[in-house]
Amino acid sequence: MPPTRAVRIGIDATVVAAKHTVGISRFIANLLRELAALGEPHTYYLFYRPRAWKNPSRVWKPDDPRFRIRLLQQPLHRSLLRSLDVFHATYQRLPSYRGEVRYLGTLHDIFYLSQPELGSARTRRRWQARYREVAERSELIMTLSQYSKCEILRHLAVPAGKVRVVPLAVDAHYAPRGAAQIEAVRRRHGLPDSYVLFAGGFGRRKNALRAVEAFARALPHLPRGTVLAISGAGGPLEPDVRRLIHDAGIAPRVRILGFVAEEDQPALMSGCVALLFPSLLEGFGLPPLEGMACGAPVVASSTTSLPEVCGDAALLVDPLRPDEIAAALVDIARSERLRRELREKGLQRARQFSWRRTAEAILSLYREIGSGNAAREGCCEG
């Protein structure tokens with residue numbers, strides 16, 4: 001077998017420097033670690049946009065001489081971009097440089113195009129322009145689910161073979177935790193033994209209002225003292241959610257946790273009665289998969305990408321029907337057999353996703369683009 005040809009690869013790593021670890025920053029950090037572990041003789045230039053340098057301690061790369069950090073800013077990066085075989089635009093926007101560089105674009109989702117009511121007119125215009133630029137200027141487009149691929153093909157009119165599906169995965173530290181660690185984290189966040197974990201915050205598409213309504217309906221049938229724990233940073237619906245909690249008379253049974261540190265997440269998920277994720281829209285949906293990896297029984301939406309992620313390892317519900325969400329919570333709380341079944345299926349399901357396989361799939365796209373042979377016809381299922 002001939003040796004692997006070394007490829008010069010640029011990667012937009014800007015979101016790795018974000019203050020809080022979220023799905024996209026987790027994706028890029030794991031991609032970089034796994035590319036380093038694969039050991040192939042490529043050179044990786046990690047580009048950080050100027051905003052990342054406001055906190056230079058967060059500008060990171062693997063401890064590997066093949067990885068080099070660069071500033072992504074015109075005109076400083078032009079000569080380097082011209083010399084690359086491929087540039088991976090990891091977060092739904094391309095560099096402004098339009099010279100001779102082949103782009104692997106990434107569209108995690110296109111919600112502001114497929115569901116424009118989610119944002120303001122200004123937000124919609126900005127993101128829709130970025131989506132279209134990625135579609136037009138990229139050699140290939142990477143997305144995270146078949147659902148997202150279908151949306152891209154429907155709204156952006158690109159050839160099917162130009163869009164490749166590469167699923168995400170779960171970090172190794174998302175695993176079932178022991179009773180002592182669960183109790184310590186539970187006490188730190190002021191939670192009782194029995195709690196339902198809503199891992200969505202107050203963004204519009206995370207559906208917190210219906211989650212609260214469903215919990216209120218389920219509450220008379222849940223174990224005594226059960227509370228709803230809402231994790232996640234703030235969002236536009238927080239005042240509405242707090243008002244609903246007050247009006248429904250369940251304020252003593254709700255804990256708003258705010259942003260939960262990454263090190264606390266696995267224990268929080270391991271200890272919950274159920275992880276509730278009735279999101280209206282997801283391009284992939286990491287929280288349910290992370291919950292399953294921790295042994296949590298999961299209730300998730302039956303729409304968008306979530307059935308692809310969850311398979312038969314979660315109770316899938318209509319996110320627009322609080323009564324259906326409530327019934328699923330009651331079923332889990334009342335049935336030890338169902339909890340055990342969902343736990344076993346969830347652990348098996350989570351093991352089907354691997355950051356190593358994600359990195360290998362993306363590396364194959366780098367090679368394809370770098371060779372100048374990126375396919376534009378047919379359909380790759382990822």
# chains A, B, ... in the order shown; residues from 1 in each chain; ligands from 1

$ select_by_dssp --residues "range 20-96 of chain A" --states "alpha helix (DSSP H)" --output "PyMOL selection string"
chain A and resi 23-38+78-83

$ residues_around --residues "Val15 in chain A" --least-positions-apart "2" --cutoff "10 Å" --atoms "only C-alpha atoms" --output "ChimeraX atom specification"
/A:12-13,17-22,24-29,48-49,51-52,58-59,90-91

$ write_last_selection --atoms "C-alpha atoms" --output "PDB file, in the first residue's frame"
ATOM      1  CA  ASP A  12     -11.249  27.178  12.057  1.00  0.00           C
ATOM      2  CA  ALA A  13     -10.833  26.427  15.785  1.00  0.00           C
ATOM      3  CA  ALA A  17     -11.658  29.367  22.896  1.00  0.00           C
ATOM      4  CA  ALA A  18     -15.233  30.079  24.044  1.00  0.00           C
ATOM      5  CA  LYS A  19     -15.770  30.632  27.780  1.00  0.00           C
ATOM      6  CA  HIS A  20     -18.190  27.712  28.125  1.00  0.00           C
ATOM      7  CA  THR A  21     -17.916  24.295  26.521  1.00  0.00           C
ATOM      8  CA  VAL A  22     -20.934  23.706  24.288  1.00  0.00           C
ATOM      9  CA  ILE A  24     -19.767  22.858  18.727  1.00  0.00           C
ATOM     10  CA  SER A  25     -16.665  23.608  20.812  1.00  0.00           C
ATOM     11  CA  ARG A  26     -16.796  20.041  22.136  1.00  0.00           C
ATOM     12  CA  PHE A  27     -16.987  18.739  18.564  1.00  0.00           C
ATOM     13  CA  ILE A  28     -13.935  20.691  17.392  1.00  0.00           C
ATOM     14  CA  ALA A  29     -11.808  19.920  20.464  1.00  0.00           C
ATOM     15  CA  TYR A  48      -8.475  31.510  15.575  1.00  0.00           C
ATOM     16  CA  ARG A  49     -10.446  34.641  14.696  1.00  0.00           C
ATOM     17  CA  ARG A  51     -12.191  37.570  19.142  1.00  0.00           C
ATOM     18  CA  ALA A  52     -10.530  34.394  20.487  1.00  0.00           C
ATOM     19  CA  ARG A  58      -8.086  29.571  25.850  1.00  0.00           C
ATOM     20  CA  VAL A  59      -6.361  29.419  22.468  1.00  0.00           C
ATOM     21  CA  THR A  90     -16.240  24.367  11.206  1.00  0.00           C
ATOM     22  CA  TYR A  91     -18.948  26.841  12.211  1.00  0.00           C
TER      23      TYR A  91
END

$ residues_around --residues "Met292 in chain A" --least-positions-apart "3" --cutoff "6 Å" --atoms "only C-alpha atoms" --output "MDAnalysis selection string"
chainID A and resid 289 295:296 346:347

$ select_by_dssp --residues "range 210-239 of chain A" --states "strand (DSSP E)" --output "ChimeraX atom specification"
/A:227-231

$ write_last_selection --atoms "C-alpha atoms" --output "PDB file, in the first residue's frame"
ATOM      1  CA  VAL A 227     -38.397  18.360  41.308  1.00  0.00           C
ATOM      2  CA  LEU A 228     -37.716  19.627  37.812  1.00  0.00           C
ATOM      3  CA  ALA A 229     -34.071  20.718  37.417  1.00  0.00           C
ATOM      4  CA  ILE A 230     -33.538  23.117  34.500  1.00  0.00           C
ATOM      5  CA  SER A 231     -29.918  23.323  33.376  1.00  0.00           C
TER       6      SER A 231
END

$ residues_around --residues "range 99-114 of chain A" --least-positions-apart "2" --cutoff "8 Å" --atoms "only C-alpha atoms" --output "PyMOL selection string"
chain A and resi 81-94+97+116-119+123-124+127-128+131+134-135+137-144+148+151-152+155+281-284+365-366+369-370

$ residues_around --residues "Ala274 in chain A" --least-positions-apart "4" --cutoff "9 Å" --atoms "only C-alpha atoms" --output "list in words"
Tyr195, Val196, Leu197, Phe198, Met269, Gly291, Ala296, Pro297, Val298, Val299, Leu329, Ile332, Ala333 and Arg339 of chain A

$ write_last_selection --atoms "C-alpha atoms" --output "mmCIF file, in the first residue's frame"
data_model
loop_
_atom_site.group_PDB
_atom_site.id
_atom_site.type_symbol
_atom_site.label_atom_id
_atom_site.label_comp_id
_atom_site.auth_asym_id
_atom_site.auth_seq_id
_atom_site.Cartn_x
_atom_site.Cartn_y
_atom_site.Cartn_z
ATOM 1 C CA TYR A 195 -35.425 14.920 39.996
ATOM 2 C CA VAL A 196 -36.225 15.212 36.306
ATOM 3 C CA LEU A 197 -33.410 16.928 34.400
ATOM 4 C CA PHE A 198 -34.357 19.326 31.589
ATOM 5 C CA MET A 269 -27.339 12.925 34.307
ATOM 6 C CA GLY A 291 -27.609 11.233 29.005
ATOM 7 C CA ALA A 296 -30.196 8.141 32.239
ATOM 8 C CA PRO A 297 -33.648 7.145 30.933
ATOM 9 C CA VAL A 298 -34.292 9.671 28.150
ATOM 10 C CA VAL A 299 -37.488 11.340 26.941
ATOM 11 C CA LEU A 329 -42.315 10.923 32.504
ATOM 12 C CA ILE A 332 -40.565 6.047 33.567
ATOM 13 C CA ALA A 333 -41.091 7.094 37.185
ATOM 14 C CA ARG A 339 -35.976 2.455 33.589
#
